[in-house]
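> Got a structure here, written out as structure tokens. Questions coming.
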Amino acid sequence: MKATAGQQIAKHFCRLDYGALPAPGRQTVKRLLLDYLGVAIAGSQTASGRIAREFAAMQGGKPETTLIGGTARVPMTLGSFTNAISSHSIELDDIDVLALFHFSPPVYSAALAAAERQAASGKQLLAALAAGCEMMERVSKAANNSLRNRAFHTTPTCGVFGATVAAGKLLKLTPAKLSAALGLAGAQASGLMEMYGPSMQKRFNPGPAARNGVTSALIAQLGFTGAETIFEGERGFLRAFTDQSDASQLVAGLDQPYQLDIEFKPYSCARPIHNAIDCALNVRQRDNPDLEQIRRIEVARHPDWAHYHQNKAPRTYHEAQVSLPYSIAVAFKEGQALLRQYTDRKLRDPLLARLMNLTQISVDAALPRGVSCKMTVTMNDGRKLVAQVDYPKGSIQNPMSDAEIRGKFDSLATPVLGAARAARIAELAGEIEKCGDVGQLMRLTARPKNSAGRIGKSARR
């Protein structure tokens, strides 16, 4: 009988080790490790990160893994859950090339929790990270755009499978047990796009995905079996979550090196907004417009994302981070769209409110990419200032340099942990393949008990 997609995938990933990773793939997942740690450290100090840490600490249990940015150690299921929420709490986590999902909150959170519990080596961690990210992207390719358009959130719904593979490799599951774990992951796939608003809902979504991936791997290790047909079955994941799907994407080219493209975020907001921010920054630098003399801001977007992020009156910084009008307004005024640009206090700025109200969003199917953006700023004197961005900063075609990634990490980690500790984390992450026990790295991400992080306080003002 022909092997199911789950069985083929499990066999493939169980064979994958550090030596089989293409050099670019090794470098990609290693760069993302540093980026993830910085984002999670800063995110742990936000209100959502703090509450998640408090929740995990009050559950008790065996101290297996570190709560990033905290002082407690918890079971690895709780560690993966909490760190995933922290890493998704400031809208600076990585993105795939189509801006459909974030790799690191589910995959890296699960992998690092499992690696710390298992005292795994850096090479074992990198292989698990690469495998988990590949798994997540394969599921997304099979399910999207239908999954997203049906209001399912790709990061958790597809991320649970990536988290399962990453944790399963570190727990050294056999192909049969990893296939079973994927079935159990499918039973726990969840996450809705009903998350844009003043609440912390969006930050929560990757938490269950990371935890459920770890849970699936752990219980499969004990012998609990799962559906081998979880992906393509009559009542499987693709039938349940999509109207149109392509199951062949799950197993395409399994015998070939996988090209893993991961993009990085320089701005603290939803990735499909970044093109519009780049447009605003380009106009600002090139034309230096008097913001009081702007009559209209027209933003043409590709149909894939034109109907998202339209909120002109965000009530909290959570809403501001998924508001295109706010993001371009603050970029025009301050020349940046970093974490400190997204605060509740700034929402009361009358100039930002005026610029948001002047912003009109339209659909342009002729734009070349799903995240493409064309901006036309009309001034009171009739001048039209135009900019178009197809590949935002941090994309594969317009990448952030290693120095920029390091600068981003330092800006996020240093306020929480101090310069010396942040530098040591960056040093270890940069040479993680030489590390004999990933726990050495993770324990450094704990906040010293006599310190107090400042990220959460500024974000709530």
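All residue names refer to the structure tokens as shown: chains lettered A, B, ... in order, residues numbered from 1 in each chain, ligands numbered from 1 in order.
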Can you pull out the residues contacting Leu147 of chain A? Cut-off 8 Å, using only C-alpha atoms, and skip same-chain residues under 5 positions away; I want them as a list of chain:residue names.
A:Phe152, A:His153, A:Thr154, A:Phe241, A:Thr242, A:Asp243
> May I have the residues within 7 Å of segment 63-79 of chain A as a list in words, using only C-alpha atoms and disregarding those fewer than 2 positions away in the same chain?
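Near neighbours after the sequence-gap exclusion: Ala40, Ile41, Ser44, Gln45, Arg53, Ala56, Ala57, Gly60, Gly61, Phe81, Thr82, Asn83, Ala113, Ala114, Glu116, Arg117, Arg211, Val214, Thr215, Met442, Arg443, Thr445, Ala446, Arg447, Pro448 and Lys449 of chain A.
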> I want to know what sits within 8 Å of segment 127-134 of chain A, based on only C-alpha atoms, with residues of the same chain fewer than 6 positions away left out; could you give that as a ChimeraX atom specification?
/A:13,16-18,21,25-26,29,103-104,107-108,111,161-167,169-170,258,260
> Skip Cys269 of chain A itself and residues of its chain fewer than 5 positions away, then list as a ChimeraX atom specification all residues within 7 Å of it, counting only C-alpha atoms.
/A:91-92,321-322
> Give me a file of those residues, with C-alpha atoms, as a short mmCIF file (atom, residue, chain, number, x, y, z; two decimals), in the first residue's frame.

```
data_model
loop_
_atom_site.label_atom_id
_atom_site.label_comp_id
_atom_site.auth_asym_id
_atom_site.auth_seq_id
_atom_site.Cartn_x
_atom_site.Cartn_y
_atom_site.Cartn_z
CA GLU A 91 5.19 42.20 15.73
CA LEU A 92 8.89 41.89 14.94
CA GLN A 321 0.46 47.31 14.81
CA VAL A 322 -2.06 45.91 12.34
#
```
> What separation in Å, quoted to one decimal, exists between atom CA of Arg286 of chain A and atom CA of Val386 of chain A?
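These atoms are spaced 10.3 Å apart.
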